[in-house]
Structure formats: C-alpha cells, structure tokens
>>> print(open('upload14.cif').read())   # mmCIF, C-alpha atoms
data_final
loop_
_atom_site.group_PDB
_atom_site.id
_atom_site.type_symbol
_atom_site.label_atom_id
_atom_site.label_comp_id
_atom_site.auth_asym_id
_atom_site.auth_seq_id
_atom_site.Cartn_x
_atom_site.Cartn_y
_atom_site.Cartn_z
ATOM 1 C CA MET A 37 35.177 -108.175 71.426
ATOM 2 C CA THR A 38 34.457 -110.790 68.804
ATOM 3 C CA ARG A 39 36.769 -111.967 66.067
ATOM 4 C CA LYS A 40 34.683 -110.121 63.522
ATOM 5 C CA HIS A 41 35.199 -106.789 65.318
ATOM 6 C CA ARG A 42 38.966 -107.369 65.671
ATOM 7 C CA ARG A 43 39.264 -108.131 61.947
ATOM 8 C CA LEU A 44 37.278 -105.002 61.075
ATOM 9 C CA ILE A 45 39.505 -102.837 63.301
ATOM 10 C CA LEU A 46 42.632 -104.389 61.752
ATOM 11 C CA VAL A 47 41.352 -103.776 58.190
ATOM 12 C CA LEU A 48 40.413 -100.162 59.037
ATOM 13 C CA ALA A 49 43.827 -99.533 60.663
ATOM 14 C CA CYS A 50 45.625 -100.951 57.596
ATOM 15 C CA GLY A 51 43.454 -98.812 55.303
ATOM 16 C CA ALA A 52 44.213 -95.669 57.339
ATOM 17 C CA GLY A 53 47.943 -96.460 57.318
ATOM 18 C CA LEU A 54 47.951 -97.068 53.563
ATOM 19 C CA GLY A 55 45.961 -93.873 52.942
ATOM 20 C CA SER A 56 48.420 -91.855 55.048
ATOM 21 C CA ALA A 57 51.398 -93.311 53.179
ATOM 22 C CA VAL A 58 49.833 -92.442 49.801
ATOM 23 C CA ALA A 59 49.026 -88.892 50.974
ATOM 24 C CA LEU A 60 52.599 -88.320 52.199
ATOM 25 C CA THR A 61 54.060 -89.708 48.969
ATOM 26 C CA LEU A 62 51.877 -87.497 46.786
ATOM 27 C CA SER A 63 52.708 -84.483 48.950
ATOM 28 C CA ALA A 64 56.450 -85.130 48.501
ATOM 29 C CA PHE A 65 56.069 -85.544 44.715
ATOM 30 C CA ARG A 66 54.129 -82.288 44.402
ATOM 31 C CA ASP A 67 57.186 -80.334 45.550
ATOM 32 C CA SER A 68 59.704 -82.136 43.336
ATOM 33 C CA VAL A 69 57.810 -82.718 40.069
ATOM 34 C CA ALA A 70 58.295 -80.034 37.428
ATOM 35 C CA PHE A 71 55.601 -79.856 34.766
ATOM 36 C CA PHE A 72 56.239 -78.786 31.152
ATOM 37 C CA VAL A 73 54.393 -75.628 30.108
ATOM 38 C CA SER A 74 54.350 -73.748 26.807
ATOM 39 C CA PRO A 75 54.214 -69.930 26.503
ATOM 40 C CA SER A 76 50.605 -70.184 25.247
ATOM 41 C CA GLU A 77 49.586 -72.074 28.388
ATOM 42 C CA ILE A 78 51.240 -69.409 30.549
ATOM 43 C CA ALA A 79 49.381 -66.673 28.645
ATOM 44 C CA ALA A 80 46.075 -68.507 29.143
ATOM 45 C CA LYS A 81 46.611 -69.363 32.824
ATOM 46 C CA ALA A 82 49.895 -68.664 34.587
ATOM 47 C CA PRO A 83 51.046 -71.237 37.147
ATOM 48 C CA PRO A 84 51.001 -70.093 40.772
ATOM 49 C CA ALA A 85 53.909 -67.895 41.891
ATOM 50 C CA GLY A 86 56.729 -69.907 43.408
ATOM 51 C CA ARG A 87 55.683 -73.139 41.682
ATOM 52 C CA SER A 88 58.619 -74.677 39.786
ATOM 53 C CA PHE A 89 57.930 -75.867 36.236
ATOM 54 C CA ARG A 90 59.621 -76.334 32.862
ATOM 55 C CA LEU A 91 59.071 -73.754 30.132
ATOM 56 C CA GLY A 92 59.657 -75.006 26.593
ATOM 57 C CA GLY A 93 59.719 -73.375 23.193
ATOM 58 C CA LEU A 94 61.987 -71.649 20.680
ATOM 59 C CA VAL A 95 64.371 -68.816 21.525
ATOM 60 C CA GLU A 96 63.032 -65.851 19.556
ATOM 61 C CA ALA A 97 65.527 -64.480 17.016
ATOM 62 C CA GLY A 98 67.099 -61.173 18.089
ATOM 63 C CA SER A 99 65.875 -61.444 21.679
ATOM 64 C CA LEU A 100 69.076 -62.632 23.419
ATOM 65 C CA HIS A 101 70.782 -59.978 25.567
ATOM 66 C CA ARG A 102 73.838 -60.970 27.602
ATOM 67 C CA THR A 103 74.887 -58.962 30.668
ATOM 68 C CA MET A 104 76.833 -59.454 33.882
ATOM 69 C CA ASP A 105 75.253 -59.826 37.315
ATOM 70 C CA GLY A 106 78.225 -58.938 39.498
ATOM 71 C CA ALA A 107 80.871 -61.459 38.460
ATOM 72 C CA ARG A 108 78.386 -63.940 36.964
ATOM 73 C CA PRO A 109 77.093 -63.934 33.384
ATOM 74 C CA ALA A 110 73.384 -63.276 32.923
ATOM 75 C CA ALA A 111 71.070 -63.542 29.942
ATOM 76 C CA THR A 112 67.610 -62.334 29.046
ATOM 77 C CA PHE A 113 65.772 -63.831 26.082
ATOM 78 C CA GLU A 114 62.278 -64.500 24.794
ATOM 79 C CA VAL A 115 60.813 -67.999 24.463
ATOM 80 C CA THR A 116 57.964 -68.444 22.009
ATOM 81 C CA ASP A 117 55.767 -71.217 20.676
ATOM 82 C CA GLY A 118 54.514 -69.160 17.742
ATOM 83 C CA HIS A 119 51.410 -67.940 19.564
ATOM 84 C CA ALA A 120 52.721 -66.389 22.791
ATOM 85 C CA THR A 121 56.063 -65.185 24.130
ATOM 86 C CA VAL A 122 57.558 -65.272 27.636
ATOM 87 C CA SER A 123 60.571 -63.245 28.791
ATOM 88 C CA VAL A 124 63.202 -65.422 30.506
ATOM 89 C CA HIS A 125 65.936 -64.193 32.880
ATOM 90 C CA TYR A 126 68.828 -66.551 33.633
ATOM 91 C CA ILE A 127 71.979 -66.056 35.690
ATOM 92 C CA GLY A 128 74.719 -68.490 34.740
ATOM 93 C CA ILE A 129 76.516 -69.886 31.731
ATOM 94 C CA LEU A 130 74.218 -70.870 28.869
ATOM 95 C CA PRO A 131 74.731 -74.319 27.264
ATOM 96 C CA ASP A 132 76.947 -74.629 24.176
ATOM 97 C CA LEU A 133 73.985 -75.602 21.957
ATOM 98 C CA PHE A 134 71.981 -72.525 23.022
ATOM 99 C CA ARG A 135 71.165 -70.381 19.969
ATOM 100 C CA GLU A 136 68.453 -68.039 18.807
ATOM 101 C CA GLY A 137 65.863 -69.920 16.784
ATOM 102 C CA GLN A 138 66.674 -73.220 18.551
ATOM 103 C CA GLY A 139 64.574 -75.166 21.022
ATOM 104 C CA VAL A 140 65.088 -74.604 24.733
ATOM 105 C CA VAL A 141 63.703 -75.958 27.997
ATOM 106 C CA ALA A 142 64.126 -73.801 31.114
ATOM 107 C CA LEU A 143 63.393 -74.871 34.686
ATOM 108 C CA GLY A 144 62.268 -72.098 37.041
ATOM 109 C CA THR A 145 59.377 -70.031 38.363
ATOM 110 C CA ILE A 146 57.205 -67.087 37.333
ATOM 111 C CA ALA A 147 58.331 -63.788 38.870
ATOM 112 C CA PRO A 148 55.819 -61.228 40.197
ATOM 113 C CA ASP A 149 56.371 -59.092 37.062
ATOM 114 C CA GLY A 150 55.226 -61.998 34.839
ATOM 115 C CA SER A 151 58.679 -62.923 33.530
ATOM 116 C CA PHE A 152 60.217 -66.350 33.978
ATOM 117 C CA ARG A 153 63.224 -66.725 36.315
ATOM 118 C CA ALA A 154 65.198 -69.747 35.154
ATOM 119 C CA ASN A 155 67.399 -71.802 37.478
ATOM 120 C CA GLU A 156 68.502 -74.131 34.677
ATOM 121 C CA VAL A 157 68.507 -73.835 30.878
ATOM 122 C CA LEU A 158 68.733 -76.854 28.570
ATOM 123 C CA ALA A 159 69.282 -76.349 24.853
ATOM 124 C CA LYS A 160 67.634 -78.791 22.489
ATOM 125 C CA HIS A 161 69.016 -79.738 19.109
ATOM 126 C CA ASP A 162 66.995 -80.518 16.014
ATOM 127 C CA GLU A 163 66.413 -83.986 14.625
ATOM 128 C CA ALA A 164 69.169 -83.532 12.012
ATOM 129 C CA TYR A 165 71.858 -83.361 14.715
ATOM 130 C CA MET A 166 74.046 -86.434 14.965
ATOM 131 C CA PRO A 167 76.937 -86.842 17.421
ATOM 132 C CA LYS A 168 80.277 -87.685 15.793
ATOM 133 C CA GLU A 169 80.428 -91.037 17.599
ATOM 134 C CA VAL A 170 77.035 -92.082 16.174
ATOM 135 C CA ALA A 171 78.041 -91.032 12.647
ATOM 136 C CA ASP A 172 81.271 -93.029 12.939
ATOM 137 C CA ALA A 173 79.393 -96.083 14.217
ATOM 138 C CA LEU A 174 76.869 -95.908 11.339
ATOM 139 C CA LYS A 175 79.702 -95.659 8.796
ATOM 140 C CA LYS A 176 81.647 -98.515 10.381
ATOM 141 C CA SER A 177 78.618 -100.831 10.561
ATOM 142 C CA GLY A 178 77.710 -100.186 6.914
ATOM 143 C CA HIS A 179 74.397 -98.436 7.695
ATOM 144 C CA TRP A 180 75.486 -95.142 6.126
ATOM 145 C CA ASN A 181 77.756 -94.135 3.284
ATOM 146 C CA PRO A 182 78.431 -90.362 3.379
ATOM 147 C CA ALA A 183 78.989 -90.330 -0.398
ATOM 148 C CA ALA A 184 75.434 -91.650 -0.941
ATOM 149 C CA GLY A 185 73.759 -88.738 0.836
ATOM 150 C CA PRO A 186 72.684 -87.571 4.279
ATOM 151 C CA PRO A 187 72.518 -89.990 7.197
ATOM 152 C CA PRO A 188 69.326 -91.971 7.750
ATOM 153 C CA PRO A 189 66.784 -90.432 10.145
ATOM 154 C CA ALA A 190 67.273 -91.273 13.819
ATOM 155 C CA ALA A 191 63.917 -93.060 13.940
ATOM 156 C CA THR A 192 65.301 -95.803 11.683
ATOM 157 C CA TRP A 193 68.584 -96.451 13.514
ATOM 158 C CA ASN A 194 67.240 -99.308 15.616
ATOM 159 C CA ASP A 195 65.564 -101.272 12.814
ATOM 160 C CA MET A 196 68.169 -100.970 10.055
ATOM 161 C CA THR A 197 69.891 -104.034 8.713
ATOM 162 C CA VAL A 198 73.365 -104.127 7.249
ATOM 163 C CA THR A 199 72.139 -105.840 4.095
ATOM 164 C CA GLY A 200 69.566 -103.105 3.468
ATOM 165 C CA ALA A 201 72.271 -100.452 3.846
ATOM 166 C CA LYS A 202 74.592 -102.308 1.441
ATOM 167 C CA GLN A 203 71.784 -102.573 -1.128
ATOM 168 C CA ALA A 204 71.134 -98.848 -0.802
ATOM 169 C CA LYS A 205 74.863 -98.172 -1.378
ATOM 170 C CA ALA A 206 74.973 -100.407 -4.420
ATOM 171 C CA GLY A 207 71.809 -98.885 -5.911
ATOM 172 C CA GLY A 208 72.700 -95.254 -5.087
#
>>> encode(input="upload14.cif", output="structure tokens")
Amino acid sequence: MTRKHRRLILVLACGAGLGSAVALTLSAFRDSVAFFVSPSEIAAKAPPAGRSFRLGGLVEAGSLHRTMDGARPAATFEVTDGHATVSVHYIGILPDLFREGQGVVALGTIAPDGSFRANEVLAKHDEAYMPKEVADALKKSGHWNPAAGPPPPAATWNDMTVTGAKQAKAGG
C-alpha cells in the first residue's frame, strides 16, 4: 500500500467519524429542542403527535376554567393569535402573572383529540411591566422622575445618560 492510499483511507475514516458525530448530535438535539408554534400554524399543519413544542399566544378572555384533578389543580383555557384558537389543558399551579388577555407560552404536545396538553405554562407580561427593583434603580440613577410621567420604554434603558434625564426633568 502506497502513502497515497494510506492518506486517502485516513481522510475517509476521519470524514466518516465526523459525519457520525454530527448525525448523533443532530439526533440528540431533535429530541430536546422545542419549537415555537402559533395557533394559526397548528390549524394549518399540526405538529406530529408526541412531538414536544412551545405554543404561544394570548389567553382568550372568558376561556379559563379551573378544576381539580384528584388533589392537583387543573386548568383548561384557549390560546389564540387572533386568527385561530387552540384548547390547552394543564395540570399544576398556573404562574402568578397568568391572566386572561395576557400572553402565554406553553410547552407540551398535541393530544389525539386536537387539544394541547401542557407540561409547563409561562406567563408573559407586556412591555409596560417594570419590576420594582428596576424602577427604584432608574429613580436613584436620575433616569426617571415619577412626577414627570411614566417610565422610559425598556428599549432605551441601556443607552440613557444621566444628563439627558436631568434635562428632561428640568424641561418637564
């Protein structure tokens, strides 16, 4: 066997090993990655049964029904994106921020009856929400004066300067 043949065999073996490693990695990710899907996308083409994904949208007003499943709390509610609606069943305690009309992201699977069985529910808050600690920090740093009006939008928190905030207070 010549040197050329040995090099070719070595390159082919490395390529096969690398290809196998990539295939195993992608196979492992397929089981653990949860994709985000809207109710309209489910209505158009439902994901395969048993496939875990995230359902996102707004909790439809008047759709929340709380019950008990044995000793555990359960909830059924509708999630909508304005075009389609999906019924969600969840067994467990809902988050404190969970409300009708608010955004929600639920992790789970499609049941055979077409409803969504959630394993986890995350409530989303709107862009006007500001934790108390952030409000206190903005006041203390001079970026926001509550007497001058509502707090600045979150998108501007990183690029605000103290001098600009003081000028706004003096002018307003």
>>> residues_around(input="upload14.cif", residues="region 134-144 of chain A", least_positions_apart="6", cutoff="8 Å", atoms="only C-alpha atoms", output="MDAnalysis selection string")
chainID A and resid 70 88:100 115 152:162
>>> atom_distance(input="upload14.cif", atom1="CA of Ala120 (chain A)", atom2="CA of Ser76 (chain A)")
5.0 Å
>>> atom_distance(input="upload14.cif", atom1="CA of Glu114 (chain A)", atom2="CA of Ser74 (chain A)")
12.3 Å
>>> residues_near_point(input="upload14.cif", point="(67.1, -64.9, 32.4)", cutoff="8 Å", atoms="all atoms listed in the file", output="PyMOL selection string")
chain A and resi 110-113+123-127+152-154
>>> atom_distance(input="upload14.cif", atom1="CA of Glu77 (chain A)", atom2="CA of Gly118 (chain A)")
12.1 Å
>>> closest_residue(input="upload14.cif", among="A:Gly150, A:Ala57, A:Ala184, A:Lys175", to="Pro84 (chain A)", atoms="all atoms listed in the file")
A:Gly150
>>> residues_near_point(input="upload14.cif", point="(77.6, -64.1, 31.9)", cutoff="10 Å", atoms="all atoms listed in the file", output="ChimeraX atom specification")
/A:102-111,126-130
>>> closest_residue(input="upload14.cif", among="A:Ala79, A:Thr38, A:Ile45, A:Ser56", to="Asp117 (chain A)", atoms="only C-alpha atoms")
A:Ala79
